[in-house]
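Down below is the structure, laid out as structure tokens.
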Amino acid sequence: MSSTPVLDALPLHRQLDLLARPNQGREALEAQLAARMAAYGASCARPPEQRGHLPTLAILGGDGLWHLQLGTVMICSGRYRPKPAPLSSALEPLDGTIRHEPWFASRDARPVWDVRLTSDHQHPQHVPPGLRCPVRSEDGDWDPYRSPVRSNWKSRKRSRYIDAAGRMCHACGESLGIDLEYDRYTEHIRGVLCQYCSGAVYECPHPDGCYRADYLNHPPAGHLRERYYTGGNRNDRPRPRGGSGVAGRTASLVTQPRARLRAGDAGLAAPSDDLARRGTTHGG
Ligand SMILES: [Zn+2]
Ligand SMILES: [Zn+2]
Ligand SMILES: [Zn+2]
């Protein structure tokens with residue numbers, strides 16, 4: 001590239017993060033960044049639509065599942081995504097019967113089903129994934145689950161970041177933050193991002209003057225510096241030390257099932273890792 005260097009113009013920590021990701025070498029990276037700079041202009045594009053951006057409520061249905069109200073509509077009903085209007089007053093829980101229609105093409109055999117909403121409601125962050133109505137549950141409108149189980153490291157760390165910098169995406173601020181995003185060089189979590197930003201935020205070629213650059217340069221909850229676990233061999237809880245005597249041995253026996261549980265947690269980490277990897281293959 002003959003024009004002004006793009007990689008070198010970025011803050012050093014961003015250069016290191018980019019170089020720690022799968023790449024074809026410095027020159028190829030420089031060319032990618034220059035191409036993006038030419039295509040994007042002065043700033044990365046804003047997200048094309050908003051998710052989880054209105055006051056929200058989980059309402060218990062007669063079917064035992066929790067259904068999602070976003071602003072004035074039940075987002076989990078109907079075949080097409082309803083457009084929630086901005087609220088003019090406080091959020092009132094909806095009631096009555098809502099119709100669910102198959103939301104995938106014919107491959108999905110689920111029939112139309114009606115759900116009577118009860119008067120039971122709570123904040124969506126407390127509803128475990130298995131109890132959420134499956135219709136559009138992956139669209140980014142449901143708050144990530146705030147698990148009370150300490151061994152769920154992802155939930156625990158995400159909650160810390162959300163408490164520090166809010167539940168909306170720490171980069172664009174327009175949609176709900178869902179995924180943990182982290183620096184590949186330091187492995188420190190930078191923030192919680194919406195689905196639109198999480199896979200691509202690091203691709204920002206701008207040294208500043210762009211919402212993504214602002215996030216990468218100064219992530220609002222970055223001071224927490226929590227580690228993102230990249231391997232399956234996580235050990236974030238102090239193990240019983242010493243090991244001498246019966247008590248020590250019993251303690252290590254007791255921790256064994258937990259170790260297996262952690263391996264399960266690592267398995268849960270796969271989808272968003274995949275997402276991040278997909279992000280890398282898009283860049284170019
Ligand atoms: Zn529903
Ligand atoms: Zn975002
Ligand atoms: Zn940018």
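In the structure tokens, the first chain shown is A, the next is B, and so on; residue numbers restart at 1 for each chain, and ligands run from 1 in the order shown.
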Would you mind listing, for every residue of chain A within 6 Å of ligand 3, the two atoms forming the shortest contact and the distance between them in Å to one decimal, using only C-alpha atoms and all ligand atoms, sorted by chain and ascending residue number, as JSON lines?
{"residue": "A:Ser43", "atom": "CA", "partner": "ligand 3", "partner_atom_place_in_ligand_line": "1 (Zn)", "distance": 4.7}
{"residue": "A:Cys44", "atom": "CA", "partner": "ligand 3", "partner_atom_place_in_ligand_line": "1 (Zn)", "distance": 4.0}
{"residue": "A:Cys204", "atom": "CA", "partner": "ligand 3", "partner_atom_place_in_ligand_line": "1 (Zn)", "distance": 4.0}
{"residue": "A:Pro205", "atom": "CA", "partner": "ligand 3", "partner_atom_place_in_ligand_line": "1 (Zn)", "distance": 5.5}
{"residue": "A:His206", "atom": "CA", "partner": "ligand 3", "partner_atom_place_in_ligand_line": "1 (Zn)", "distance": 4.6}
{"residue": "A:Cys210", "atom": "CA", "partner": "ligand 3", "partner_atom_place_in_ligand_line": "1 (Zn)", "distance": 4.7}
{"residue": "A:Arg212", "atom": "CA", "partner": "ligand 3", "partner_atom_place_in_ligand_line": "1 (Zn)", "distance": 5.0}
{"residue": "A:Ala213", "atom": "CA", "partner": "ligand 3", "partner_atom_place_in_ligand_line": "1 (Zn)", "distance": 5.3}
Give as a VMD selection string the residues surrounding ligand 2 up to a distance of 10 Å, considering only C-alpha atoms and all ligand atoms. chain A and resid 46 to 47 49 to 51 168 to 179 192 to 201 211 to 212
Dump N, CA and C atoms for the selected residues as a compact mmCIF listing (two decimals), in the first residue's frame?
# COMPACT_ATOMS: atom_id res chain seq x y z
N ARG A 46 -23.32 2.49 11.27
CA ARG A 46 -24.12 2.21 12.46
C ARG A 46 -24.91 0.93 12.22
N PRO A 47 -25.29 0.22 13.28
CA PRO A 47 -26.10 -1.00 13.09
C PRO A 47 -27.37 -0.68 12.30
N GLU A 49 -30.33 -2.04 12.42
CA GLU A 49 -31.58 -2.06 13.18
C GLU A 49 -31.28 -2.26 14.65
N GLN A 50 -32.30 -2.02 15.46
CA GLN A 50 -32.10 -2.10 16.90
C GLN A 50 -32.79 -3.33 17.47
N ARG A 51 -32.17 -3.89 18.49
CA ARG A 51 -32.74 -5.05 19.18
C ARG A 51 -32.71 -4.80 20.69
N MET A 168 -26.97 -2.00 27.55
CA MET A 168 -26.94 -1.78 26.10
C MET A 168 -25.50 -1.97 25.61
N CYS A 169 -25.38 -2.33 24.32
CA CYS A 169 -24.08 -2.58 23.70
C CYS A 169 -23.07 -1.50 24.07
N HIS A 170 -21.92 -1.91 24.55
CA HIS A 170 -20.91 -0.95 24.99
C HIS A 170 -20.22 -0.23 23.83
N ALA A 171 -20.49 -0.68 22.59
CA ALA A 171 -19.93 0.02 21.43
C ALA A 171 -20.96 0.96 20.82
N CYS A 172 -22.06 0.42 20.30
CA CYS A 172 -23.04 1.27 19.59
C CYS A 172 -24.08 1.87 20.52
N GLY A 173 -24.36 1.20 21.64
CA GLY A 173 -25.34 1.72 22.59
C GLY A 173 -26.77 1.64 22.10
N GLU A 174 -27.00 1.04 20.94
CA GLU A 174 -28.34 1.07 20.35
C GLU A 174 -29.12 -0.22 20.55
N SER A 175 -28.41 -1.32 20.71
CA SER A 175 -29.07 -2.61 20.92
C SER A 175 -28.55 -3.22 22.22
N LEU A 176 -29.28 -4.24 22.66
CA LEU A 176 -28.93 -4.92 23.89
C LEU A 176 -27.56 -5.59 23.77
N GLY A 177 -26.74 -5.47 24.81
CA GLY A 177 -25.46 -6.17 24.83
C GLY A 177 -25.69 -7.64 25.14
N ILE A 178 -25.10 -8.52 24.34
CA ILE A 178 -25.34 -9.96 24.48
C ILE A 178 -24.02 -10.72 24.70
N ASP A 179 -23.03 -10.44 23.86
CA ASP A 179 -21.80 -11.25 23.84
C ASP A 179 -20.63 -10.55 24.53
N VAL A 192 -19.46 -5.86 26.73
CA VAL A 192 -20.58 -6.68 26.29
C VAL A 192 -21.20 -5.98 25.09
N LEU A 193 -21.23 -6.69 23.95
CA LEU A 193 -21.67 -6.05 22.71
C LEU A 193 -22.91 -6.71 22.13
N CYS A 194 -23.62 -5.94 21.31
CA CYS A 194 -24.79 -6.48 20.62
C CYS A 194 -24.31 -7.44 19.53
N GLN A 195 -25.25 -8.20 18.99
CA GLN A 195 -24.88 -9.21 17.99
C GLN A 195 -24.26 -8.57 16.75
N TYR A 196 -24.69 -7.37 16.44
CA TYR A 196 -24.18 -6.72 15.24
C TYR A 196 -22.72 -6.30 15.42
N CYS A 197 -22.40 -5.79 16.58
CA CYS A 197 -21.04 -5.28 16.82
C CYS A 197 -20.06 -6.39 17.22
N SER A 198 -20.53 -7.43 17.89
CA SER A 198 -19.59 -8.32 18.57
C SER A 198 -18.63 -9.04 17.64
N GLY A 199 -19.09 -9.43 16.46
CA GLY A 199 -18.22 -10.20 15.58
C GLY A 199 -17.28 -9.35 14.74
N ALA A 200 -17.51 -8.03 14.71
CA ALA A 200 -16.80 -7.21 13.73
C ALA A 200 -16.16 -5.96 14.32
N VAL A 201 -16.33 -5.73 15.59
CA VAL A 201 -15.87 -4.44 16.15
C VAL A 201 -14.37 -4.24 15.96
N TYR A 211 -17.51 5.26 16.41
CA TYR A 211 -18.01 4.69 17.68
C TYR A 211 -17.29 3.40 18.04
N ARG A 212 -16.88 2.64 17.02
CA ARG A 212 -16.16 1.40 17.31
C ARG A 212 -14.74 1.67 17.80
Which chains and residue numbers are within 8 Å of ligand 1, counting only C-alpha atoms and all ligand atoms, if I want them as an MDAnalysis selection string? chainID A and resid 61 65:68 74:77 98 100 115 132:135
Could you please take those selected residues and save all heavy atoms as a short mmCIF file (atom, residue, chain, number, x, y, z; two decimals), in the first residue's frame?
data_model
loop_
_atom_site.label_atom_id
_atom_site.label_comp_id
_atom_site.auth_asym_id
_atom_site.auth_seq_id
_atom_site.Cartn_x
_atom_site.Cartn_y
_atom_site.Cartn_z
N GLY A 61 -46.52 -17.64 30.35
CA GLY A 61 -47.68 -18.10 29.59
C GLY A 61 -48.29 -19.35 30.22
O GLY A 61 -47.64 -20.03 31.02
N LEU A 65 -43.97 -21.49 29.58
CA LEU A 65 -42.80 -20.77 29.07
C LEU A 65 -42.98 -19.27 29.33
O LEU A 65 -44.09 -18.78 29.51
CB LEU A 65 -42.64 -21.01 27.56
CG LEU A 65 -42.29 -22.43 27.13
CD1 LEU A 65 -42.31 -22.52 25.60
CD2 LEU A 65 -40.93 -22.86 27.69
N TRP A 66 -41.83 -18.58 29.32
CA TRP A 66 -41.87 -17.12 29.47
C TRP A 66 -41.80 -16.49 28.09
O TRP A 66 -40.98 -16.89 27.26
CB TRP A 66 -40.71 -16.65 30.35
CG TRP A 66 -40.85 -17.11 31.77
CD1 TRP A 66 -40.49 -18.33 32.26
CD2 TRP A 66 -41.41 -16.39 32.87
NE1 TRP A 66 -40.78 -18.41 33.60
CE2 TRP A 66 -41.35 -17.24 34.00
CE3 TRP A 66 -41.97 -15.11 33.01
CZ2 TRP A 66 -41.81 -16.83 35.26
CZ3 TRP A 66 -42.42 -14.71 34.26
CH2 TRP A 66 -42.35 -15.56 35.37
N HIS A 67 -42.66 -15.50 27.88
CA HIS A 67 -42.75 -14.85 26.57
C HIS A 67 -42.30 -13.40 26.70
O HIS A 67 -42.41 -12.80 27.77
CB HIS A 67 -44.18 -14.96 26.04
CG HIS A 67 -44.62 -16.39 25.90
ND1 HIS A 67 -44.53 -17.09 24.73
CD2 HIS A 67 -45.08 -17.28 26.84
CE1 HIS A 67 -44.94 -18.35 24.93
NE2 HIS A 67 -45.28 -18.48 26.20
N LEU A 68 -41.78 -12.87 25.58
CA LEU A 68 -41.08 -11.59 25.68
C LEU A 68 -41.88 -10.41 25.16
O LEU A 68 -42.25 -10.35 23.99
CB LEU A 68 -39.74 -11.68 24.92
CG LEU A 68 -38.82 -10.48 25.12
CD1 LEU A 68 -38.33 -10.40 26.57
CD2 LEU A 68 -37.63 -10.56 24.18
N MET A 74 -45.60 -8.20 21.83
CA MET A 74 -45.00 -9.47 22.19
C MET A 74 -44.10 -9.85 21.01
O MET A 74 -44.58 -10.18 19.93
CB MET A 74 -46.07 -10.55 22.41
CG MET A 74 -46.98 -10.30 23.60
SD MET A 74 -46.13 -10.06 25.18
CE MET A 74 -45.38 -11.67 25.43
N ILE A 75 -42.81 -9.78 21.25
CA ILE A 75 -41.86 -9.96 20.15
C ILE A 75 -41.81 -11.42 19.71
O ILE A 75 -41.40 -11.74 18.60
CB ILE A 75 -40.46 -9.44 20.58
CG1 ILE A 75 -39.67 -8.96 19.36
CG2 ILE A 75 -39.67 -10.45 21.37
CD1 ILE A 75 -40.03 -7.62 18.87
N CYS A 76 -42.25 -12.34 20.57
CA CYS A 76 -42.12 -13.76 20.28
C CYS A 76 -43.38 -14.36 19.67
O CYS A 76 -43.55 -15.57 19.68
CB CYS A 76 -41.73 -14.52 21.54
SG CYS A 76 -43.02 -14.54 22.80
N SER A 77 -44.27 -13.56 19.18
CA SER A 77 -45.46 -14.14 18.56
C SER A 77 -45.54 -13.70 17.12
O SER A 77 -44.90 -12.74 16.71
CB SER A 77 -46.72 -13.71 19.31
OG SER A 77 -46.98 -12.36 19.06
N ILE A 98 -51.95 -14.79 22.99
CA ILE A 98 -51.13 -14.46 21.82
C ILE A 98 -50.96 -15.70 20.96
O ILE A 98 -50.87 -16.82 21.45
CB ILE A 98 -49.74 -13.89 22.21
CG1 ILE A 98 -49.00 -14.82 23.16
CG2 ILE A 98 -49.89 -12.51 22.82
CD1 ILE A 98 -47.56 -14.44 23.34
N HIS A 100 -48.88 -17.95 18.29
CA HIS A 100 -47.54 -18.24 17.78
C HIS A 100 -47.68 -18.98 16.47
O HIS A 100 -48.45 -19.93 16.38
CB HIS A 100 -46.75 -19.10 18.75
CG HIS A 100 -46.34 -18.37 20.00
ND1 HIS A 100 -47.21 -18.04 20.98
CD2 HIS A 100 -45.13 -17.91 20.39
CE1 HIS A 100 -46.57 -17.40 21.95
NE2 HIS A 100 -45.30 -17.30 21.62
N VAL A 115 -51.19 -18.97 23.20
CA VAL A 115 -50.72 -18.95 24.59
C VAL A 115 -51.49 -17.87 25.34
O VAL A 115 -51.58 -16.72 24.91
CB VAL A 115 -49.22 -18.64 24.67
CG1 VAL A 115 -48.78 -18.50 26.12
CG2 VAL A 115 -48.41 -19.72 23.97
N ARG A 132 -37.41 -20.01 28.04
CA ARG A 132 -37.81 -18.90 27.17
C ARG A 132 -38.57 -19.43 25.96
O ARG A 132 -38.19 -20.45 25.40
CB ARG A 132 -36.57 -18.14 26.70
CG ARG A 132 -35.82 -17.51 27.85
CD ARG A 132 -34.55 -16.81 27.41
NE ARG A 132 -33.97 -16.10 28.56
CZ ARG A 132 -32.98 -15.23 28.47
NH1 ARG A 132 -32.43 -14.97 27.30
NH2 ARG A 132 -32.53 -14.62 29.56
N CYS A 133 -39.62 -18.71 25.58
CA CYS A 133 -40.33 -19.05 24.35
C CYS A 133 -39.31 -19.08 23.22
O CYS A 133 -38.51 -18.16 23.06
CB CYS A 133 -41.40 -18.00 24.08
SG CYS A 133 -42.15 -18.14 22.45
N PRO A 134 -39.29 -20.16 22.42
CA PRO A 134 -38.23 -20.29 21.41
C PRO A 134 -38.37 -19.35 20.21
O PRO A 134 -37.42 -19.19 19.45
CB PRO A 134 -38.36 -21.75 20.96
CG PRO A 134 -39.78 -22.12 21.23
CD PRO A 134 -40.18 -21.33 22.45
N VAL A 135 -39.54 -18.75 20.05
CA VAL A 135 -39.73 -17.92 18.86
C VAL A 135 -38.87 -16.66 18.94
O VAL A 135 -39.04 -15.84 19.85
CB VAL A 135 -41.21 -17.55 18.68
CG1 VAL A 135 -41.40 -16.67 17.45
CG2 VAL A 135 -42.06 -18.81 18.57
#
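In this model, the gap between CA of Ser155 in chain A and CA of Thr56 in chain A comes to 19.6 Å.
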For Asp95 in chain A, list every protein, DNA or RNA residue within 12 Å, evaluated using only C-alpha atoms, and leave out those in the same chain fewer than 5 positions away; present the list as a PyMOL selection string. chain A and resi 57-62+67-69+72-74+115-121
What does the file look like for those residues with N, CA and C atoms, as an mmCIF file, in the first residue's frame?
data_model
loop_
_atom_site.group_PDB
_atom_site.id
_atom_site.type_symbol
_atom_site.label_atom_id
_atom_site.label_comp_id
_atom_site.auth_asym_id
_atom_site.auth_seq_id
_atom_site.Cartn_x
_atom_site.Cartn_y
_atom_site.Cartn_z
ATOM 1 N N LEU A 57 -40.136 -6.997 29.275
ATOM 2 C CA LEU A 57 -40.730 -7.777 30.350
ATOM 3 C C LEU A 57 -40.886 -9.217 29.881
ATOM 4 N N ALA A 58 -40.606 -10.164 30.764
ATOM 5 C CA ALA A 58 -40.915 -11.559 30.465
ATOM 6 C C ALA A 58 -42.227 -11.898 31.145
ATOM 7 N N ILE A 59 -43.164 -12.450 30.371
ATOM 8 C CA ILE A 59 -44.496 -12.773 30.914
ATOM 9 C C ILE A 59 -44.704 -14.285 30.837
ATOM 10 N N LEU A 60 -45.137 -14.858 31.957
ATOM 11 C CA LEU A 60 -45.367 -16.308 32.005
ATOM 12 C C LEU A 60 -46.635 -16.662 31.237
ATOM 13 N N GLY A 61 -46.519 -17.640 30.354
ATOM 14 C CA GLY A 61 -47.678 -18.099 29.589
ATOM 15 C C GLY A 61 -48.285 -19.345 30.217
ATOM 16 N N GLY A 62 -49.504 -19.646 29.810
ATOM 17 C CA GLY A 62 -50.173 -20.856 30.281
ATOM 18 C C GLY A 62 -49.443 -22.118 29.862
ATOM 19 N N HIS A 67 -42.662 -15.497 27.881
ATOM 20 C CA HIS A 67 -42.752 -14.848 26.573
ATOM 21 C C HIS A 67 -42.297 -13.397 26.704
ATOM 22 N N LEU A 68 -41.778 -12.874 25.584
ATOM 23 C CA LEU A 68 -41.076 -11.592 25.683
ATOM 24 C C LEU A 68 -41.884 -10.413 25.158
ATOM 25 N N GLN A 69 -42.110 -9.479 26.060
ATOM 26 C CA GLN A 69 -42.727 -8.212 25.644
ATOM 27 C C GLN A 69 -41.625 -7.174 25.470
ATOM 28 N N THR A 72 -44.337 -2.177 23.173
ATOM 29 C CA THR A 72 -45.793 -2.376 23.099
ATOM 30 C C THR A 72 -46.193 -3.719 22.487
ATOM 31 N N VAL A 73 -45.223 -4.561 22.125
ATOM 32 C CA VAL A 73 -45.595 -5.801 21.433
ATOM 33 C C VAL A 73 -44.980 -7.039 22.096
ATOM 34 N N MET A 74 -45.605 -8.197 21.830
ATOM 35 C CA MET A 74 -45.003 -9.473 22.188
ATOM 36 C C MET A 74 -44.104 -9.845 21.010
ATOM 37 N N VAL A 115 -51.186 -18.972 23.202
ATOM 38 C CA VAL A 115 -50.722 -18.945 24.587
ATOM 39 C C VAL A 115 -51.493 -17.875 25.342
ATOM 40 N N ARG A 116 -52.044 -18.316 26.454
ATOM 41 C CA ARG A 116 -52.741 -17.361 27.322
ATOM 42 C C ARG A 116 -51.715 -16.775 28.290
ATOM 43 N N LEU A 117 -51.571 -15.478 28.298
ATOM 44 C CA LEU A 117 -50.598 -14.849 29.192
ATOM 45 C C LEU A 117 -51.164 -14.745 30.597
ATOM 46 N N THR A 118 -50.345 -15.056 31.583
ATOM 47 C CA THR A 118 -50.767 -14.918 32.976
ATOM 48 C C THR A 118 -50.355 -13.536 33.486
ATOM 49 N N SER A 119 -50.652 -13.264 34.735
ATOM 50 C CA SER A 119 -50.283 -11.953 35.288
ATOM 51 C C SER A 119 -48.885 -11.989 35.905
ATOM 52 N N ASP A 120 -48.221 -13.146 35.794
ATOM 53 C CA ASP A 120 -46.879 -13.318 36.338
ATOM 54 C C ASP A 120 -45.855 -12.705 35.392
ATOM 55 N N HIS A 121 -45.040 -11.801 35.867
ATOM 56 C CA HIS A 121 -43.984 -11.279 34.990
ATOM 57 C C HIS A 121 -42.735 -10.942 35.782
#
What parts of range 12-240 of chain A does DSSP call strand (DSSP E or B)? I'd like the answer as a PyMOL selection string. chain A and resi 56-61+66-70+73-74+97-100+113-122+132+168+176+179-182+188-193+227
Per DSSP on the backbone, what are the helix (DSSP H, G or I) residues of range 13-97 of chain A, as a compact mmCIF listing (two decimals) with all heavy atoms, in the first residue's frame?
# COMPACT_ATOMS: atom_id res chain seq x y z
N HIS A 13 -2.19 -1.15 21.47
CA HIS A 13 -2.94 -2.31 21.96
C HIS A 13 -3.87 -2.89 20.90
O HIS A 13 -4.12 -4.09 20.86
CB HIS A 13 -3.70 -1.96 23.25
CG HIS A 13 -4.82 -0.98 23.09
ND1 HIS A 13 -6.13 -1.37 22.90
CD2 HIS A 13 -4.83 0.38 23.06
CE1 HIS A 13 -6.89 -0.29 22.78
NE2 HIS A 13 -6.13 0.78 22.87
N ARG A 14 -4.36 -2.02 20.00
CA ARG A 14 -5.22 -2.51 18.92
C ARG A 14 -4.39 -3.24 17.87
O ARG A 14 -4.85 -4.21 17.26
CB ARG A 14 -6.02 -1.36 18.32
CG ARG A 14 -7.14 -0.89 19.25
CD ARG A 14 -7.87 0.32 18.72
NE ARG A 14 -8.48 0.07 17.41
CZ ARG A 14 -9.04 1.02 16.66
NH1 ARG A 14 -9.04 2.28 17.10
NH2 ARG A 14 -9.59 0.72 15.51
N GLN A 15 -3.18 -2.76 17.62
CA GLN A 15 -2.29 -3.48 16.69
C GLN A 15 -2.00 -4.88 17.21
O GLN A 15 -2.06 -5.87 16.47
CB GLN A 15 -0.98 -2.72 16.52
CG GLN A 15 -1.13 -1.34 15.91
CD GLN A 15 0.22 -0.66 15.72
OE1 GLN A 15 1.23 -1.32 15.45
NE2 GLN A 15 0.25 0.65 15.87
N LEU A 16 -1.69 -4.96 18.50
CA LEU A 16 -1.35 -6.26 19.09
C LEU A 16 -2.55 -7.21 19.05
O LEU A 16 -2.41 -8.40 18.77
CB LEU A 16 -0.88 -6.07 20.54
CG LEU A 16 0.44 -5.32 20.69
CD1 LEU A 16 0.71 -5.00 22.16
CD2 LEU A 16 1.59 -6.14 20.11
N ASP A 17 -3.74 -6.66 19.31
CA ASP A 17 -4.96 -7.48 19.25
C ASP A 17 -5.14 -8.04 17.84
O ASP A 17 -5.39 -9.23 17.65
CB ASP A 17 -6.15 -6.62 19.66
CG ASP A 17 -7.50 -7.33 19.47
OD1 ASP A 17 -7.55 -8.55 19.66
OD2 ASP A 17 -8.48 -6.65 19.12
N LEU A 18 -4.99 -7.17 16.84
CA LEU A 18 -5.17 -7.62 15.45
C LEU A 18 -4.14 -8.68 15.06
O LEU A 18 -4.47 -9.66 14.40
CB LEU A 18 -5.07 -6.41 14.49
CG LEU A 18 -6.29 -5.49 14.49
CD1 LEU A 18 -5.98 -4.20 13.74
CD2 LEU A 18 -7.50 -6.19 13.86
N LEU A 19 -2.90 -8.48 15.49
CA LEU A 19 -1.84 -9.42 15.12
C LEU A 19 -1.97 -10.74 15.89
O LEU A 19 -1.43 -11.76 15.46
CB LEU A 19 -0.48 -8.77 15.36
CG LEU A 19 -0.14 -7.65 14.37
CD1 LEU A 19 1.01 -6.80 14.86
CD2 LEU A 19 0.17 -8.21 12.98
N ALA A 20 -2.70 -10.71 17.01
CA ALA A 20 -2.89 -11.94 17.78
C ALA A 20 -4.01 -12.80 17.20
O ALA A 20 -4.19 -13.94 17.59
CB ALA A 20 -3.20 -11.61 19.24
N ARG A 26 1.63 -9.09 8.41
CA ARG A 26 1.46 -7.66 8.58
C ARG A 26 1.02 -6.93 7.32
O ARG A 26 0.15 -6.08 7.34
CB ARG A 26 2.81 -7.08 9.06
CG ARG A 26 2.68 -6.13 10.21
CD ARG A 26 3.98 -5.42 10.50
NE ARG A 26 3.65 -4.06 10.93
CZ ARG A 26 3.29 -3.77 12.19
NH1 ARG A 26 3.27 -4.69 13.12
NH2 ARG A 26 2.97 -2.53 12.51
N GLU A 27 1.62 -7.31 6.20
CA GLU A 27 1.30 -6.61 4.95
C GLU A 27 -0.13 -6.85 4.53
O GLU A 27 -0.84 -5.93 4.09
CB GLU A 27 2.24 -7.08 3.83
CG GLU A 27 3.37 -6.09 3.58
CD GLU A 27 4.38 -6.65 2.59
OE1 GLU A 27 3.94 -7.07 1.50
OE2 GLU A 27 5.58 -6.66 2.93
N ALA A 28 -0.56 -8.10 4.65
CA ALA A 28 -1.93 -8.44 4.27
C ALA A 28 -2.91 -7.70 5.18
O ALA A 28 -3.94 -7.20 4.73
CB ALA A 28 -2.15 -9.94 4.37
N LEU A 29 -2.57 -7.64 6.46
CA LEU A 29 -3.42 -6.94 7.42
C LEU A 29 -3.51 -5.46 7.07
O LEU A 29 -4.59 -4.87 7.07
CB LEU A 29 -2.84 -7.13 8.83
CG LEU A 29 -3.69 -6.71 10.01
CD1 LEU A 29 -5.05 -7.41 9.99
CD2 LEU A 29 -2.96 -7.02 11.32
N GLU A 30 -2.38 -4.88 6.75
CA GLU A 30 -2.33 -3.48 6.35
C GLU A 30 -3.23 -3.24 5.12
O GLU A 30 -3.99 -2.28 5.07
CB GLU A 30 -0.87 -3.10 6.04
CG GLU A 30 -0.66 -1.69 5.50
CD GLU A 30 -1.00 -0.60 6.53
OE1 GLU A 30 -0.79 -0.83 7.73
OE2 GLU A 30 -1.51 0.46 6.10
N ALA A 31 -3.14 -4.14 4.16
CA ALA A 31 -3.96 -4.01 2.94
C ALA A 31 -5.45 -4.11 3.28
O ALA A 31 -6.27 -3.35 2.76
CB ALA A 31 -3.57 -5.08 1.93
N GLN A 32 -5.80 -5.05 4.17
CA GLN A 32 -7.20 -5.20 4.57
C GLN A 32 -7.71 -3.93 5.23
O GLN A 32 -8.80 -3.44 4.93
CB GLN A 32 -7.34 -6.34 5.60
CG GLN A 32 -7.35 -7.73 4.99
CD GLN A 32 -7.41 -8.80 6.07
OE1 GLN A 32 -7.32 -8.50 7.27
NE2 GLN A 32 -7.55 -10.05 5.65
N LEU A 33 -6.91 -3.41 6.16
CA LEU A 33 -7.33 -2.20 6.88
C LEU A 33 -7.48 -1.02 5.93
O LEU A 33 -8.44 -0.25 6.02
CB LEU A 33 -6.32 -1.87 7.98
CG LEU A 33 -6.33 -2.80 9.20
CD1 LEU A 33 -5.12 -2.53 10.08
CD2 LEU A 33 -7.61 -2.61 10.00
N ALA A 34 -6.53 -0.89 4.98
CA ALA A 34 -6.60 0.22 4.01
C ALA A 34 -7.85 0.11 3.15
O ALA A 34 -8.51 1.10 2.87
CB ALA A 34 -5.33 0.24 3.16
N ALA A 35 -8.16 -1.14 2.76
CA ALA A 35 -9.36 -1.35 1.94
C ALA A 35 -10.61 -0.97 2.72
O ALA A 35 -11.54 -0.34 2.19
CB ALA A 35 -9.44 -2.80 1.49
N ARG A 36 -10.63 -1.35 4.00
CA ARG A 36 -11.78 -1.00 4.83
C ARG A 36 -11.89 0.51 5.01
O ARG A 36 -12.98 1.08 4.94
CB ARG A 36 -11.66 -1.67 6.21
CG ARG A 36 -12.26 -3.04 6.22
CD ARG A 36 -12.27 -3.61 7.62
NE ARG A 36 -11.84 -5.00 7.54
CZ ARG A 36 -10.91 -5.54 8.31
NH1 ARG A 36 -10.32 -4.83 9.24
NH2 ARG A 36 -10.60 -6.80 8.16
N MET A 37 -10.76 1.14 5.23
CA MET A 37 -10.74 2.59 5.41
C MET A 37 -11.35 3.26 4.18
O MET A 37 -12.17 4.18 4.31
CB MET A 37 -9.30 3.04 5.61
CG MET A 37 -9.15 4.46 6.06
SD MET A 37 -9.77 4.67 7.73
CE MET A 37 -8.32 5.33 8.52
N ALA A 38 -10.98 2.78 3.00
CA ALA A 38 -11.50 3.37 1.76
C ALA A 38 -13.01 3.11 1.63
O ALA A 38 -13.76 3.96 1.16
CB ALA A 38 -10.75 2.79 0.56
N ALA A 39 -13.44 1.92 2.05
CA ALA A 39 -14.85 1.56 1.89
C ALA A 39 -15.74 2.22 2.94
O ALA A 39 -16.87 2.61 2.64
CB ALA A 39 -15.01 0.04 1.98
N TYR A 40 -15.26 2.36 4.16
CA TYR A 40 -16.11 2.84 5.25
C TYR A 40 -16.18 4.36 5.36
O TYR A 40 -17.11 4.88 5.95
CB TYR A 40 -15.63 2.30 6.61
CG TYR A 40 -15.66 0.79 6.78
CD1 TYR A 40 -15.13 0.20 7.91
CD2 TYR A 40 -16.21 -0.03 5.81
CE1 TYR A 40 -15.14 -1.18 8.08
CE2 TYR A 40 -16.22 -1.41 5.96
CZ TYR A 40 -15.69 -1.98 7.10
OH TYR A 40 -15.68 -3.33 7.27
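Distances here use only C-alpha atoms; by that measure, the residue among A:Ala221, A:Gly78, A:Ala90, A:Leu7 closest to Arg136 in chain A is A:Gly78.
You can rank A:Glu101, A:Asp8, A:Glu226, A:Asp63 by their closest distance to Arg81 in chain A using only C-alpha atoms, and at the top of that list sits A:Glu101.
We find CA of Arg160 in chain A and CA of Glu92 in chain A to be spaced 28.7 Å apart.
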By how many Å are CA of Leu94 in chain A and CA of Pro148 in chain A apart? 27.6 Å
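Residues with any atom within 9 Å of Pro128 in chain A, counting only C-alpha atoms and excluding same-chain neighbours fewer than 4 positions away, are Pro124, Arg132, Pro144, Tyr145, Arg146 and Ser147 of chain A.
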Based on the selection just made, write C-alpha atoms of those residues as a PDB file, in the first residue's frame.
ATOM      1  CA  PRO A 124     -36.100 -11.184  31.208  1.00  0.00           C
ATOM      2  CA  ARG A 132     -37.814 -18.899  27.174  1.00  0.00           C
ATOM      3  CA  PRO A 144     -28.562 -12.495  28.547  1.00  0.00           C
ATOM      4  CA  TYR A 145     -29.378 -14.826  31.411  1.00  0.00           C
ATOM      5  CA  ARG A 146     -28.038 -13.722  34.772  1.00  0.00           C
ATOM      6  CA  SER A 147     -27.283 -17.113  36.234  1.00  0.00           C
TER       7      SER A 147
END
Non-local contacts of Tyr182 in chain A (10 Å; only C-alpha atoms; under 2 positions in same chain excluded) as number ranges by chain: A: 17, 179-180, 184-192, 198, 202, 216, 222, 225-229
